[in-house]
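To be precise, the following lines are work-v4.cif, and they hold mmCIF, C-alpha atoms.
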data_run
#
loop_
_atom_site.label_atom_id
_atom_site.label_comp_id
_atom_site.auth_asym_id
_atom_site.auth_seq_id
_atom_site.Cartn_x
_atom_site.Cartn_y
_atom_site.Cartn_z
CA MET A 1 27.48 -3.45 35.87
CA THR A 2 29.40 -6.29 37.44
CA ALA A 3 32.71 -7.23 35.90
CA SER A 4 34.00 -10.78 35.80
CA PHE A 5 37.68 -11.50 36.43
CA GLU A 6 39.50 -14.75 35.83
CA THR A 7 42.43 -15.97 37.88
CA ALA A 8 44.86 -14.75 35.22
CA GLU A 9 46.66 -11.45 35.45
CA LEU A 10 44.93 -8.45 33.90
CA ASP A 11 45.89 -7.73 30.30
CA LEU A 12 47.02 -4.10 29.98
CA GLY A 13 47.57 -4.13 26.25
CA THR A 14 50.54 -3.81 23.94
CA GLN A 15 52.90 -1.04 22.89
CA ALA A 16 56.03 -0.79 20.75
CA VAL A 17 59.42 0.66 21.60
CA LEU A 18 59.68 3.99 19.79
CA GLU A 19 62.83 5.59 18.38
CA SER A 20 62.62 8.42 20.94
CA TRP A 21 62.79 5.79 23.72
CA ILE A 22 66.25 4.54 22.65
CA ASP A 23 69.30 5.78 24.57
CA TYR A 24 73.02 5.95 23.78
CA ASN A 25 73.38 2.26 24.68
CA GLY A 26 71.07 1.31 21.80
CA HIS A 27 68.26 0.02 24.00
CA MET A 28 65.14 1.35 25.72
CA ASN A 29 66.03 4.04 28.24
CA VAL A 30 65.00 3.48 31.88
CA ALA A 31 62.68 6.52 31.86
CA TYR A 32 60.60 4.97 29.08
CA TYR A 33 60.11 1.75 31.00
CA VAL A 34 58.43 3.93 33.63
CA MET A 35 56.34 5.63 30.94
CA ALA A 36 55.33 2.32 29.34
CA PHE A 37 54.34 0.95 32.77
CA ASP A 38 52.38 4.16 33.40
CA HIS A 39 50.44 3.67 30.15
CA GLY A 40 49.59 0.21 31.46
CA VAL A 41 48.42 1.69 34.78
CA ASP A 42 46.05 3.89 32.76
CA GLN A 43 44.52 0.68 31.36
CA PHE A 44 44.34 -0.83 34.87
CA MET A 45 42.50 2.27 36.12
CA GLN A 46 40.01 1.93 33.25
CA GLN A 47 39.42 -1.71 34.20
CA MET A 48 38.76 -0.79 37.84
CA GLY A 49 36.37 1.99 36.77
CA ILE A 50 38.52 5.07 37.32
CA THR A 51 37.92 6.66 33.93
CA PRO A 52 38.20 10.28 32.74
CA GLN A 53 34.45 10.54 33.36
CA TYR A 54 34.96 9.28 36.93
CA LEU A 55 37.67 11.92 37.54
CA GLU A 56 35.37 14.68 36.26
CA ARG A 57 32.26 13.46 38.11
CA GLU A 58 33.82 12.39 41.42
CA LYS A 59 36.77 14.81 41.53
CA SER A 60 38.88 11.83 42.59
CA SER A 61 41.76 9.86 41.12
CA THR A 62 44.75 7.80 42.21
CA PHE A 63 48.32 8.84 42.93
CA THR A 64 51.34 6.54 42.93
CA LEU A 65 52.96 6.25 46.38
CA GLU A 66 55.86 3.96 45.60
CA MET A 67 57.41 2.12 42.66
CA HIS A 68 60.17 -0.49 42.36
CA ILE A 69 61.38 -1.50 38.90
CA ASN A 70 63.50 -4.48 37.92
CA TYR A 71 65.14 -4.33 34.49
CA LEU A 72 65.64 -7.94 33.45
CA ARG A 73 66.32 -7.95 29.68
CA GLU A 74 66.89 -5.33 27.03
CA LEU A 75 64.25 -4.01 24.71
CA ARG A 76 65.27 -2.41 21.42
CA LEU A 77 63.76 -0.18 18.76
CA GLY A 78 60.48 -1.52 17.42
CA ASP A 79 60.19 -4.37 19.93
CA PRO A 80 56.56 -5.13 20.76
CA ILE A 81 55.80 -5.11 24.49
CA ARG A 82 52.86 -6.55 26.41
CA LEU A 83 51.93 -5.58 29.96
CA THR A 84 50.05 -7.51 32.63
CA CYS A 85 48.94 -6.65 36.16
CA GLN A 86 48.53 -8.78 39.26
CA LEU A 87 46.94 -7.38 42.40
CA LEU A 88 48.89 -8.20 45.55
CA ASN A 89 46.70 -6.44 48.12
CA VAL A 90 43.85 -3.95 48.41
CA ASP A 91 42.33 -1.91 51.22
CA SER A 92 39.77 0.91 51.35
CA LYS A 93 42.16 3.49 49.84
CA ARG A 94 45.18 1.67 48.41
CA VAL A 95 46.09 -0.92 45.81
CA HIS A 96 49.40 -2.81 45.87
CA TYR A 97 49.99 -4.33 42.45
CA PHE A 98 52.64 -5.89 40.26
CA LEU A 99 53.18 -5.18 36.56
CA ARG A 100 55.06 -7.38 34.13
CA MET A 101 56.49 -6.22 30.81
CA PHE A 102 57.04 -8.95 28.23
CA HIS A 103 58.58 -8.88 24.78
CA ALA A 104 55.32 -9.58 22.94
CA GLY A 105 57.00 -11.45 20.09
CA GLU A 106 59.57 -13.57 21.91
CA GLY A 107 57.66 -13.90 25.18
CA TYR A 108 60.51 -13.12 27.59
CA LEU A 109 60.03 -11.05 30.74
CA ALA A 110 61.85 -7.76 30.16
CA ALA A 111 60.95 -5.80 33.31
CA THR A 112 58.70 -5.73 36.36
CA SER A 113 57.25 -2.88 38.38
CA GLU A 114 55.82 -3.24 41.85
CA GLN A 115 53.66 -0.24 42.76
CA MET A 116 51.34 1.17 45.40
CA MET A 117 48.58 3.63 44.51
CA ILE A 118 46.24 5.58 46.75
CA HIS A 119 42.81 7.02 46.02
CA VAL A 120 42.76 10.82 46.37
CA ASP A 121 40.09 13.52 46.56
CA LEU A 122 41.37 15.99 43.97
CA GLU A 123 39.80 18.99 45.68
CA SER A 124 41.24 18.40 49.16
CA ARG A 125 44.36 16.65 47.78
CA ARG A 126 43.97 14.11 50.60
CA SER A 127 43.47 10.37 50.54
CA SER A 128 39.89 9.15 50.40
CA PRO A 129 38.16 5.76 50.29
CA PHE A 130 37.30 4.21 46.94
CA LEU A 131 33.63 4.52 46.03
CA PRO A 132 31.64 1.30 46.61
CA ALA A 133 31.54 0.35 42.91
CA ILE A 134 35.32 0.67 42.62
CA SER A 135 35.83 -1.24 45.89
CA GLU A 136 33.60 -4.04 44.62
CA THR A 137 35.53 -4.28 41.34
CA LEU A 138 38.84 -4.32 43.21
CA SER A 139 37.50 -7.00 45.58
CA GLN A 140 36.56 -9.18 42.61
CA MET A 141 39.97 -8.64 41.03
CA MET A 142 41.72 -9.41 44.32
CA ALA A 143 39.67 -12.59 44.83
CA ALA A 144 40.72 -13.76 41.35
CA HIS A 145 44.38 -12.90 41.96
CA ARG A 146 44.71 -14.23 45.51
CA PRO A 147 45.48 -17.81 44.33
CA LEU A 148 48.25 -16.60 42.00
CA PRO A 149 51.81 -17.13 43.26
CA CYS A 150 53.59 -14.08 44.60
CA PRO A 151 55.99 -12.75 41.92
CA ASP A 152 59.68 -13.44 42.58
CA GLN A 153 60.56 -9.74 42.39
CA ALA A 154 57.76 -8.55 44.73
CA GLY A 155 58.84 -7.15 48.08
CA ARG A 156 62.54 -7.17 47.27
CA VAL A 157 64.90 -4.89 49.14
CA MET A 158 67.73 -3.23 47.26
CA SER A 159 71.14 -3.83 48.84
CA ILE A 160 74.70 -4.91 48.20
CA ARG A 161 75.39 -8.11 50.05
CA HIS A 162 78.80 -8.29 51.71
CA LYS A 163 80.28 -11.62 52.63
#

Kindly present the structure from the file in structure tokens form.
Amino acid sequence: MTASFETAELDLGTQAVLESWIDYNGHMNVAYYVMAFDHGVDQFMQQMGITPQYLEREKSSTFTLEMHINYLRELRLGDPIRLTCQLLNVDSKRVHYFLRMFHAGEGYLAATSEQMMIHVDLESRRSSPFLPAISETLSQMMAAHRPLPCPDQAGRVMSIRHK
């Protein structure tokens, strides 16, 4: 089965801010941004073909190597959120990608997450190349995303600038 990918970011679905996600400041706690992004990554993995059946059959999965989050605007109880994904780079074992979290009703960008994942053999617990079908899907996704502009928050270094 060959998937077709447009030049738009991947749609990773919608969620809503739950009461248990609200902290003492009255907004979504930082830990739940990570969790919401992680639910989106589950959708991304499905789209690339790394499903529960794949994990069982191939004894392989992906692990997150690095993550950088930018919190741009508050989200509050009940707010609908929509996630998207843009691939930035791919090789035989890794995917560098960028997630955006939008307020689904008002449309504003609430947070971003730049991440790197690696394909892993679950028995050896070592990195391993993607299977050809997964590599082909990722190549198609990357070809569709290559013309997209690089996100403003991608590749940023955290620092305090002194003048």

Residues selected by the PyMOL selection byres ((chain A and resi 113) around 6), written as a list of chain:residue names: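 So the PyMOL selection byres ((chain A and resi 113) around 6) ends up selecting A:His68, A:Ile69, A:Phe98, A:Leu99, A:Thr112, A:Glu114.
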
Convert the current residue selection to file output with C-alpha atoms, as a CSV table (one decimal), in the frame of the given file.
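Once everything was written out, this is selection24.csv:
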chain,number,residue,atom,x,y,z
A,68,HIS,CA,60.2,-0.5,42.4
A,69,ILE,CA,61.4,-1.5,38.9
A,98,PHE,CA,52.6,-5.9,40.3
A,99,LEU,CA,53.2,-5.2,36.6
A,112,THR,CA,58.7,-5.7,36.4
A,114,GLU,CA,55.8,-3.2,41.8

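The gap separating atom CA of A:Glu66 from atom CA of A:Asp42 is 16.2 Å, in Å to one decimal.
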
Taking the point (57.9, -5.4, 30.3) as given in the file, collect each protein or nucleic acid residue that comes within 9 Å of it, counting all atoms listed in the file, and present the set as a PyMOL selection string. chain A and resi 33+36-37+71-73+75+81-84+99-104+108-113

Any chance you can output those residues with C-alpha atoms as a PDB file, in the coordinates of the input?
ATOM      1  CA  TYR A  33      60.110   1.750  31.000  1.00  0.00           C
ATOM      2  CA  ALA A  36      55.330   2.320  29.340  1.00  0.00           C
ATOM      3  CA  PHE A  37      54.340   0.950  32.770  1.00  0.00           C
ATOM      4  CA  TYR A  71      65.140  -4.330  34.490  1.00  0.00           C
ATOM      5  CA  LEU A  72      65.640  -7.940  33.450  1.00  0.00           C
ATOM      6  CA  ARG A  73      66.320  -7.950  29.680  1.00  0.00           C
ATOM      7  CA  LEU A  75      64.250  -4.010  24.710  1.00  0.00           C
ATOM      8  CA  ILE A  81      55.800  -5.110  24.490  1.00  0.00           C
ATOM      9  CA  ARG A  82      52.860  -6.550  26.410  1.00  0.00           C
ATOM     10  CA  LEU A  83      51.930  -5.580  29.960  1.00  0.00           C
ATOM     11  CA  THR A  84      50.050  -7.510  32.630  1.00  0.00           C
ATOM     12  CA  LEU A  99      53.180  -5.180  36.560  1.00  0.00           C
ATOM     13  CA  ARG A 100      55.060  -7.380  34.130  1.00  0.00           C
ATOM     14  CA  MET A 101      56.490  -6.220  30.810  1.00  0.00           C
ATOM     15  CA  PHE A 102      57.040  -8.950  28.230  1.00  0.00           C
ATOM     16  CA  HIS A 103      58.580  -8.880  24.780  1.00  0.00           C
ATOM     17  CA  ALA A 104      55.320  -9.580  22.940  1.00  0.00           C
ATOM     18  CA  TYR A 108      60.510 -13.120  27.590  1.00  0.00           C
ATOM     19  CA  LEU A 109      60.030 -11.050  30.740  1.00  0.00           C
ATOM     20  CA  ALA A 110      61.850  -7.760  30.160  1.00  0.00           C
ATOM     21  CA  ALA A 111      60.950  -5.800  33.310  1.00  0.00           C
ATOM     22  CA  THR A 112      58.700  -5.730  36.360  1.00  0.00           C
ATOM     23  CA  SER A 113      57.250  -2.880  38.380  1.00  0.00           C
TER      24      SER A 113
END

What is the distance, in Å and to one decimal place, between atom CA of A:Thr62 and atom CA of A:Gly40?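 Going from atom CA of A:Thr62 over to atom CA of A:Gly40 covers 14.0 Å.
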
Check the smallest atom-to-atom distance from each of A:Val90, A:Ala31, A:Thr137, A:Gln15 to A:Met117 using all atoms listed in the file, then report the winner.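 Using all atoms listed in the file, the shortest distance to A:Met117 belongs to A:Val90.
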
Give the padded box for stretch 148-159 of chain A as JSON: axis-aligned, covering all atoms listed in the file, 4 Å on each side, centre and edge lengths in Å to one decimal.
{"center_x": 59.7, "center_y": -10.2, "center_z": 45.5, "size_x": 30.9, "size_y": 21.9, "size_z": 15.2}

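Going from atom CA of A:Ser61 over to atom CA of A:Ala16, you cover 27.1 Å.
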
Using all atoms listed in the file for the distances, tell me which of A:Lys93, A:Cys150, A:Leu12, A:Val17 is nearest to A:Asp121. A:Lys93

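The residues caught by the PyMOL selection byres ((chain A and resi 43) around 10) in this file are Leu10, Asp11, Leu12, Gly13, Phe37, Asp38, His39, Gly40, Val41, Asp42, Phe44, Met45, Gln46, Gln47, Met48, Gly49, Ile50, Thr51, Leu83, Thr84 and Cys85 of chain A.
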